[in-house]
Amino acid sequence: MAGIKIWPADKWVSLCVRERAENVCERCGGTGGLSCAHYQGRGAWETRFLPENLWSLCMGCHSYLDSRKVNFKEFFIEKRGQVTYDVVVEKSHDIMLGKENRRNKAEIASYYKEVYSQMLMIRSTGVTGWLEFVGWN
């Protein structure tokens, strides 16, 4: 989404999301041009840093799913389940959570920077595959 400022918290959570998926597109399995995609857009502060809302996608899959919300919803539910989808949608309406995330951008960045560091340490021991991580809130 053009025009939305990228904060340090965005950078660190994006690195966590891509590392979680072992730097692979969660839709096609590709490894080039990965980004952190948001089912509920980055402008939704309520879910901006919520791991369940975030996906490691290549640019092609990111563009495809962003332009076809029905397909993104189907993909989401297939991969993560209806309950997780419902939680993300519910949290997207939590105005107080959005305000809290805006106020705590620096703390969120620090948290995800540490999470990313821990993920890299785990990878350095030879662990492969999906690495789950706990969200800031």
# chains A, B, ... in the order shown; residues from 1 in each chain; ligands from 1
>>> residues_around(residues="range 107-120 of chain A", least_positions_apart="4", cutoff="12 Å", atoms="only C-alpha atoms", output="short mmCIF file (atom, residue, chain, number, x, y, z; two decimals) with C-alpha atoms, in the first residue's frame")
data_model
loop_
_atom_site.label_atom_id
_atom_site.label_comp_id
_atom_site.auth_asym_id
_atom_site.auth_seq_id
_atom_site.Cartn_x
_atom_site.Cartn_y
_atom_site.Cartn_z
CA ILE A 6 7.35 1.98 7.06
CA TRP A 7 8.36 2.10 10.72
CA PRO A 8 11.18 0.05 12.29
CA ALA A 9 8.49 -2.22 13.77
CA ASP A 10 7.34 -3.00 10.20
CA LYS A 11 10.89 -3.92 9.21
CA TRP A 12 11.44 -6.27 12.15
CA VAL A 13 8.07 -8.02 12.01
CA SER A 14 8.56 -8.47 8.25
CA LEU A 15 11.90 -10.18 8.85
CA CYS A 16 10.25 -12.44 11.44
CA VAL A 17 7.42 -13.36 9.06
CA ARG A 18 9.80 -14.27 6.24
CA GLU A 19 12.08 -16.20 8.60
CA ARG A 20 9.07 -18.03 10.05
CA ALA A 21 8.35 -19.37 6.55
CA GLU A 22 12.05 -20.17 5.99
CA ASN A 23 12.23 -17.34 3.43
CA ARG A 48 -0.49 -4.43 11.46
CA PHE A 49 1.94 -6.41 13.64
CA LEU A 50 -0.22 -9.49 14.31
CA PRO A 51 1.63 -12.62 13.08
CA GLU A 100 -2.04 1.03 21.56
CA ASN A 101 0.02 -0.20 18.59
CA ARG A 102 0.52 3.36 17.32
CA ARG A 103 1.69 4.53 20.75
CA SER A 124 21.91 -21.58 13.30
CA THR A 125 21.41 -24.86 15.20
CA GLY A 126 20.12 -26.53 12.04
CA VAL A 127 16.38 -26.22 12.64
CA THR A 128 14.45 -26.04 9.38
CA GLY A 129 10.81 -25.54 8.48
CA TRP A 130 8.15 -23.30 9.96
CA LEU A 131 9.20 -21.31 13.05
CA GLU A 132 6.19 -20.05 14.96
CA PHE A 133 6.60 -16.86 16.97
CA VAL A 134 4.43 -15.06 19.48
CA GLY A 135 3.07 -11.65 18.55
CA TRP A 136 3.68 -8.51 20.56
CA ASN A 137 0.11 -8.20 21.81
#
>>> select_by_dssp(residues="range 21-104 of chain A", states="strand (DSSP E)", output="list in words")
Leu34, Ser35, Cys36, Ala37, His38, Leu54, Trp55, Ser56, Leu57 and Cys58 of chain A
>>> write_last_selection(atoms="N, CA and C atoms", output="mmCIF file, in the first residue's frame")
data_model
loop_
_atom_site.group_PDB
_atom_site.id
_atom_site.type_symbol
_atom_site.label_atom_id
_atom_site.label_comp_id
_atom_site.auth_asym_id
_atom_site.auth_seq_id
_atom_site.Cartn_x
_atom_site.Cartn_y
_atom_site.Cartn_z
ATOM 1 N N LEU A 34 10.627 -11.766 -1.941
ATOM 2 C CA LEU A 34 9.673 -11.955 -0.844
ATOM 3 C C LEU A 34 9.368 -10.651 -0.121
ATOM 4 N N SER A 35 8.141 -10.553 0.339
ATOM 5 C CA SER A 35 7.728 -9.422 1.161
ATOM 6 C C SER A 35 6.769 -9.933 2.231
ATOM 7 N N CYS A 36 6.474 -9.054 3.149
ATOM 8 C CA CYS A 36 5.517 -9.363 4.211
ATOM 9 C C CYS A 36 4.167 -8.813 3.778
ATOM 10 N N ALA A 37 3.227 -9.706 3.512
ATOM 11 C CA ALA A 37 1.889 -9.311 3.077
ATOM 12 C C ALA A 37 0.936 -9.314 4.265
ATOM 13 N N HIS A 38 -0.017 -8.405 4.235
ATOM 14 C CA HIS A 38 -1.022 -8.276 5.282
ATOM 15 C C HIS A 38 -2.386 -8.622 4.710
ATOM 16 N N LEU A 54 -0.163 -11.908 8.921
ATOM 17 C CA LEU A 54 0.999 -11.641 8.067
ATOM 18 C C LEU A 54 1.461 -12.889 7.323
ATOM 19 N N TRP A 55 1.904 -12.665 6.093
ATOM 20 C CA TRP A 55 2.284 -13.754 5.197
ATOM 21 C C TRP A 55 3.591 -13.438 4.488
ATOM 22 N N SER A 56 4.401 -14.442 4.300
ATOM 23 C CA SER A 56 5.591 -14.326 3.460
ATOM 24 C C SER A 56 5.160 -14.680 2.038
ATOM 25 N N LEU A 57 5.145 -13.678 1.154
ATOM 26 C CA LEU A 57 4.702 -13.896 -0.226
ATOM 27 C C LEU A 57 5.692 -13.278 -1.202
ATOM 28 N N CYS A 58 5.865 -13.933 -2.347
ATOM 29 C CA CYS A 58 6.656 -13.331 -3.418
ATOM 30 C C CYS A 58 5.831 -12.187 -4.019
#
>>> select_by_dssp(residues="chain A", states="helix (DSSP H, G or I)", output="JSON, numbers by chain")
{"A": [8, 9, 10, 11, 12, 13, 14, 15, 16, 17, 18, 19, 20, 51, 52, 53, 59, 60, 61, 62, 63, 64, 65, 66, 69, 70, 71, 72, 73, 74, 75, 76, 77, 78, 79, 80, 82, 83, 84, 85, 86, 87, 88, 89, 90, 91, 95, 96, 97, 98, 99, 100, 101, 102, 103, 105, 106, 107, 108, 109, 110, 111, 112, 113, 114, 115, 116, 117, 118, 119, 120, 121, 122, 123, 124]}
>>> write_last_selection(atoms="C-alpha atoms", output="PDB file, in the first residue's frame")
ATOM      1  CA  PRO A   8      11.181   0.046  12.287  1.00  0.00           C
ATOM      2  CA  ALA A   9       8.488  -2.216  13.769  1.00  0.00           C
ATOM      3  CA  ASP A  10       7.337  -3.001  10.201  1.00  0.00           C
ATOM      4  CA  LYS A  11      10.887  -3.916   9.212  1.00  0.00           C
ATOM      5  CA  TRP A  12      11.440  -6.267  12.148  1.00  0.00           C
ATOM      6  CA  VAL A  13       8.074  -8.016  12.010  1.00  0.00           C
ATOM      7  CA  SER A  14       8.559  -8.467   8.253  1.00  0.00           C
ATOM      8  CA  LEU A  15      11.899 -10.178   8.848  1.00  0.00           C
ATOM      9  CA  CYS A  16      10.247 -12.439  11.445  1.00  0.00           C
ATOM     10  CA  VAL A  17       7.423 -13.363   9.059  1.00  0.00           C
ATOM     11  CA  ARG A  18       9.798 -14.267   6.241  1.00  0.00           C
ATOM     12  CA  GLU A  19      12.082 -16.205   8.595  1.00  0.00           C
ATOM     13  CA  ARG A  20       9.067 -18.033  10.055  1.00  0.00           C
ATOM     14  CA  PRO A  51       1.626 -12.622  13.084  1.00  0.00           C
ATOM     15  CA  GLU A  52      -1.635 -14.371  12.165  1.00  0.00           C
ATOM     16  CA  ASN A  53      -2.415 -11.518   9.745  1.00  0.00           C
ATOM     17  CA  MET A  59       5.752 -10.181  -5.343  1.00  0.00           C
ATOM     18  CA  GLY A  60       3.614 -12.095  -7.848  1.00  0.00           C
ATOM     19  CA  CYS A  61       1.540 -13.867  -5.202  1.00  0.00           C
ATOM     20  CA  HIS A  62       1.353 -10.697  -3.102  1.00  0.00           C
ATOM     21  CA  SER A  63       0.006  -8.696  -6.049  1.00  0.00           C
ATOM     22  CA  TYR A  64      -2.377 -11.489  -7.045  1.00  0.00           C
ATOM     23  CA  LEU A  65      -3.886 -11.918  -3.575  1.00  0.00           C
ATOM     24  CA  ASP A  66      -4.037  -8.180  -2.820  1.00  0.00           C
ATOM     25  CA  LYS A  69      -9.616 -10.318  -1.732  1.00  0.00           C
ATOM     26  CA  VAL A  70     -11.976 -13.292  -2.147  1.00  0.00           C
ATOM     27  CA  ASN A  71      -9.050 -15.469  -3.228  1.00  0.00           C
ATOM     28  CA  PHE A  72      -6.929 -14.136  -0.357  1.00  0.00           C
ATOM     29  CA  LYS A  73      -9.698 -15.030   2.095  1.00  0.00           C
ATOM     30  CA  GLU A  74      -9.971 -18.565   0.667  1.00  0.00           C
ATOM     31  CA  PHE A  75      -6.174 -18.960   0.782  1.00  0.00           C
ATOM     32  CA  PHE A  76      -6.092 -17.666   4.367  1.00  0.00           C
ATOM     33  CA  ILE A  77      -8.776 -20.078   5.592  1.00  0.00           C
ATOM     34  CA  GLU A  78      -7.227 -23.021   3.734  1.00  0.00           C
ATOM     35  CA  LYS A  79      -3.779 -22.399   5.223  1.00  0.00           C
ATOM     36  CA  ARG A  80      -4.590 -21.157   8.738  1.00  0.00           C
ATOM     37  CA  GLN A  82     -11.517 -20.397   9.911  1.00  0.00           C
ATOM     38  CA  VAL A  83     -10.891 -19.752  13.619  1.00  0.00           C
ATOM     39  CA  THR A  84      -7.638 -17.868  12.942  1.00  0.00           C
ATOM     40  CA  TYR A  85      -9.318 -15.920  10.147  1.00  0.00           C
ATOM     41  CA  ASP A  86     -12.173 -14.963  12.484  1.00  0.00           C
ATOM     42  CA  VAL A  87      -9.716 -13.833  15.189  1.00  0.00           C
ATOM     43  CA  VAL A  88      -7.858 -11.593  12.728  1.00  0.00           C
ATOM     44  CA  VAL A  89     -11.087 -10.046  11.438  1.00  0.00           C
ATOM     45  CA  GLU A  90     -12.339  -9.493  14.989  1.00  0.00           C
ATOM     46  CA  LYS A  91      -9.070  -7.857  16.071  1.00  0.00           C
ATOM     47  CA  ILE A  95      -9.854   0.514  17.871  1.00  0.00           C
ATOM     48  CA  MET A  96      -8.134   0.535  21.267  1.00  0.00           C
ATOM     49  CA  LEU A  97      -5.632  -2.067  20.053  1.00  0.00           C
ATOM     50  CA  GLY A  98      -4.874   0.132  17.039  1.00  0.00           C
ATOM     51  CA  LYS A  99      -4.236   3.138  19.294  1.00  0.00           C
ATOM     52  CA  GLU A 100      -2.040   1.033  21.563  1.00  0.00           C
ATOM     53  CA  ASN A 101       0.021  -0.200  18.592  1.00  0.00           C
ATOM     54  CA  ARG A 102       0.524   3.360  17.323  1.00  0.00           C
ATOM     55  CA  ARG A 103       1.690   4.526  20.748  1.00  0.00           C
ATOM     56  CA  LYS A 105       5.791   1.458  17.830  1.00  0.00           C
ATOM     57  CA  ALA A 106       9.262   1.665  19.397  1.00  0.00           C
ATOM     58  CA  GLU A 107       8.548  -1.116  21.885  1.00  0.00           C
ATOM     59  CA  ILE A 108       7.053  -3.261  19.138  1.00  0.00           C
ATOM     60  CA  ALA A 109      10.183  -2.749  17.022  1.00  0.00           C
ATOM     61  CA  SER A 110      12.414  -3.709  19.935  1.00  0.00           C
ATOM     62  CA  TYR A 111      10.307  -6.795  20.650  1.00  0.00           C
ATOM     63  CA  TYR A 112      10.369  -8.072  17.059  1.00  0.00           C
ATOM     64  CA  LYS A 113      14.078  -7.290  16.698  1.00  0.00           C
ATOM     65  CA  GLU A 114      14.704  -9.613  19.650  1.00  0.00           C
ATOM     66  CA  VAL A 115      12.332 -12.258  18.253  1.00  0.00           C
ATOM     67  CA  TYR A 116      14.171 -12.146  14.923  1.00  0.00           C
ATOM     68  CA  SER A 117      17.508 -12.537  16.677  1.00  0.00           C
ATOM     69  CA  GLN A 118      16.159 -15.590  18.523  1.00  0.00           C
ATOM     70  CA  MET A 119      14.843 -17.061  15.273  1.00  0.00           C
ATOM     71  CA  LEU A 120      18.266 -16.695  13.646  1.00  0.00           C
ATOM     72  CA  MET A 121      19.872 -18.410  16.628  1.00  0.00           C
ATOM     73  CA  ILE A 122      17.432 -21.305  16.287  1.00  0.00           C
ATOM     74  CA  ARG A 123      18.160 -21.555  12.562  1.00  0.00           C
ATOM     75  CA  SER A 124      21.907 -21.585  13.295  1.00  0.00           C
TER      76      SER A 124
END
>>> atom_distance(atom1="CA of Gln40 in chain A", atom2="CA of Glu26 in chain A")
16.7 Å
>>> atom_distance(atom1="CA of Gly41 in chain A", atom2="CA of Ser92 in chain A")
9.6 Å
>>> decode(residues="range 105-134 of chain A", atoms="N, CA and C atoms", output="PDB file, in the first residue's frame")
ATOM      1  N   LYS A 105       5.002   1.875  18.997  1.00  0.00           N
ATOM      2  CA  LYS A 105       5.791   1.458  17.830  1.00  0.00           C
ATOM      3  C   LYS A 105       7.235   1.110  18.193  1.00  0.00           C
ATOM      4  N   ALA A 106       7.856   1.909  19.041  1.00  0.00           N
ATOM      5  CA  ALA A 106       9.262   1.665  19.397  1.00  0.00           C
ATOM      6  C   ALA A 106       9.405   0.366  20.178  1.00  0.00           C
ATOM      7  N   GLU A 107       8.499   0.120  21.107  1.00  0.00           N
ATOM      8  CA  GLU A 107       8.548  -1.116  21.885  1.00  0.00           C
ATOM      9  C   GLU A 107       8.275  -2.330  21.003  1.00  0.00           C
ATOM     10  N   ILE A 108       7.363  -2.174  20.065  1.00  0.00           N
ATOM     11  CA  ILE A 108       7.053  -3.261  19.138  1.00  0.00           C
ATOM     12  C   ILE A 108       8.282  -3.573  18.287  1.00  0.00           C
ATOM     13  N   ALA A 109       8.955  -2.540  17.814  1.00  0.00           N
ATOM     14  CA  ALA A 109      10.183  -2.749  17.022  1.00  0.00           C
ATOM     15  C   ALA A 109      11.228  -3.494  17.836  1.00  0.00           C
ATOM     16  N   SER A 110      11.431  -3.060  19.057  1.00  0.00           N
ATOM     17  CA  SER A 110      12.414  -3.709  19.935  1.00  0.00           C
ATOM     18  C   SER A 110      12.048  -5.168  20.181  1.00  0.00           C
ATOM     19  N   TYR A 111      10.773  -5.426  20.409  1.00  0.00           N
ATOM     20  CA  TYR A 111      10.307  -6.795  20.650  1.00  0.00           C
ATOM     21  C   TYR A 111      10.600  -7.688  19.441  1.00  0.00           C
ATOM     22  N   TYR A 112      10.190  -7.237  18.246  1.00  0.00           N
ATOM     23  CA  TYR A 112      10.369  -8.072  17.059  1.00  0.00           C
ATOM     24  C   TYR A 112      11.839  -8.174  16.644  1.00  0.00           C
ATOM     25  N   LYS A 113      12.637  -7.188  16.948  1.00  0.00           N
ATOM     26  CA  LYS A 113      14.078  -7.290  16.698  1.00  0.00           C
ATOM     27  C   LYS A 113      14.659  -8.434  17.530  1.00  0.00           C
ATOM     28  N   GLU A 114      14.246  -8.533  18.778  1.00  0.00           N
ATOM     29  CA  GLU A 114      14.704  -9.613  19.650  1.00  0.00           C
ATOM     30  C   GLU A 114      14.167 -10.969  19.179  1.00  0.00           C
ATOM     31  N   VAL A 115      12.912 -11.016  18.772  1.00  0.00           N
ATOM     32  CA  VAL A 115      12.332 -12.258  18.253  1.00  0.00           C
ATOM     33  C   VAL A 115      13.112 -12.725  17.030  1.00  0.00           C
ATOM     34  N   TYR A 116      13.425 -11.791  16.132  1.00  0.00           N
ATOM     35  CA  TYR A 116      14.171 -12.146  14.923  1.00  0.00           C
ATOM     36  C   TYR A 116      15.549 -12.694  15.278  1.00  0.00           C
ATOM     37  N   SER A 117      16.205 -12.062  16.223  1.00  0.00           N
ATOM     38  CA  SER A 117      17.508 -12.537  16.677  1.00  0.00           C
ATOM     39  C   SER A 117      17.407 -13.971  17.213  1.00  0.00           C
ATOM     40  N   GLN A 118      16.368 -14.235  17.986  1.00  0.00           N
ATOM     41  CA  GLN A 118      16.159 -15.590  18.523  1.00  0.00           C
ATOM     42  C   GLN A 118      15.882 -16.589  17.405  1.00  0.00           C
ATOM     43  N   MET A 119      15.134 -16.179  16.408  1.00  0.00           N
ATOM     44  CA  MET A 119      14.843 -17.061  15.273  1.00  0.00           C
ATOM     45  C   MET A 119      16.126 -17.420  14.529  1.00  0.00           C
ATOM     46  N   LEU A 120      16.997 -16.425  14.325  1.00  0.00           N
ATOM     47  CA  LEU A 120      18.266 -16.695  13.646  1.00  0.00           C
ATOM     48  C   LEU A 120      19.142 -17.642  14.462  1.00  0.00           C
ATOM     49  N   MET A 121      19.105 -17.495  15.783  1.00  0.00           N
ATOM     50  CA  MET A 121      19.872 -18.410  16.628  1.00  0.00           C
ATOM     51  C   MET A 121      19.335 -19.840  16.495  1.00  0.00           C
ATOM     52  N   ILE A 122      18.033 -19.979  16.463  1.00  0.00           N
ATOM     53  CA  ILE A 122      17.432 -21.305  16.287  1.00  0.00           C
ATOM     54  C   ILE A 122      17.826 -21.892  14.942  1.00  0.00           C
ATOM     55  N   ARG A 123      17.760 -21.080  13.899  1.00  0.00           N
ATOM     56  CA  ARG A 123      18.160 -21.555  12.562  1.00  0.00           C
ATOM     57  C   ARG A 123      19.629 -21.983  12.542  1.00  0.00           C
ATOM     58  N   SER A 124      20.470 -21.267  13.293  1.00  0.00           N
ATOM     59  CA  SER A 124      21.907 -21.585  13.295  1.00  0.00           C
ATOM     60  C   SER A 124      22.194 -22.960  13.906  1.00  0.00           C
ATOM     61  N   THR A 125      21.228 -23.521  14.635  1.00  0.00           N
ATOM     62  CA  THR A 125      21.413 -24.863  15.204  1.00  0.00           C
ATOM     63  C   THR A 125      20.983 -25.951  14.232  1.00  0.00           C
ATOM     64  N   GLY A 126      20.514 -25.552  13.054  1.00  0.00           N
ATOM     65  CA  GLY A 126      20.116 -26.526  12.037  1.00  0.00           C
ATOM     66  C   GLY A 126      18.625 -26.768  11.929  1.00  0.00           C
ATOM     67  N   VAL A 127      17.829 -26.057  12.705  1.00  0.00           N
ATOM     68  CA  VAL A 127      16.378 -26.224  12.643  1.00  0.00           C
ATOM     69  C   VAL A 127      15.867 -25.672  11.316  1.00  0.00           C
ATOM     70  N   THR A 128      15.042 -26.465  10.654  1.00  0.00           N
ATOM     71  CA  THR A 128      14.451 -26.038   9.379  1.00  0.00           C
ATOM     72  C   THR A 128      12.928 -26.064   9.515  1.00  0.00           C
ATOM     73  N   GLY A 129      12.267 -25.541   8.497  1.00  0.00           N
ATOM     74  CA  GLY A 129      10.809 -25.538   8.476  1.00  0.00           C
ATOM     75  C   GLY A 129      10.223 -24.313   9.164  1.00  0.00           C
ATOM     76  N   TRP A 130       8.938 -24.393   9.389  1.00  0.00           N
ATOM     77  CA  TRP A 130       8.150 -23.299   9.958  1.00  0.00           C
ATOM     78  C   TRP A 130       8.591 -23.010  11.386  1.00  0.00           C
ATOM     79  N   LEU A 131       8.854 -21.744  11.688  1.00  0.00           N
ATOM     80  CA  LEU A 131       9.197 -21.310  13.046  1.00  0.00           C
ATOM     81  C   LEU A 131       8.099 -20.385  13.549  1.00  0.00           C
ATOM     82  N   GLU A 132       7.256 -20.888  14.405  1.00  0.00           N
ATOM     83  CA  GLU A 132       6.188 -20.050  14.960  1.00  0.00           C
ATOM     84  C   GLU A 132       6.799 -19.027  15.901  1.00  0.00           C
ATOM     85  N   PHE A 133       6.181 -17.859  15.996  1.00  0.00           N
ATOM     86  CA  PHE A 133       6.605 -16.858  16.973  1.00  0.00           C
ATOM     87  C   PHE A 133       5.381 -16.178  17.546  1.00  0.00           C
ATOM     88  N   VAL A 134       5.534 -15.678  18.765  1.00  0.00           N
ATOM     89  CA  VAL A 134       4.434 -15.055  19.481  1.00  0.00           C
ATOM     90  C   VAL A 134       4.417 -13.567  19.153  1.00  0.00           C
TER      91      VAL A 134
END
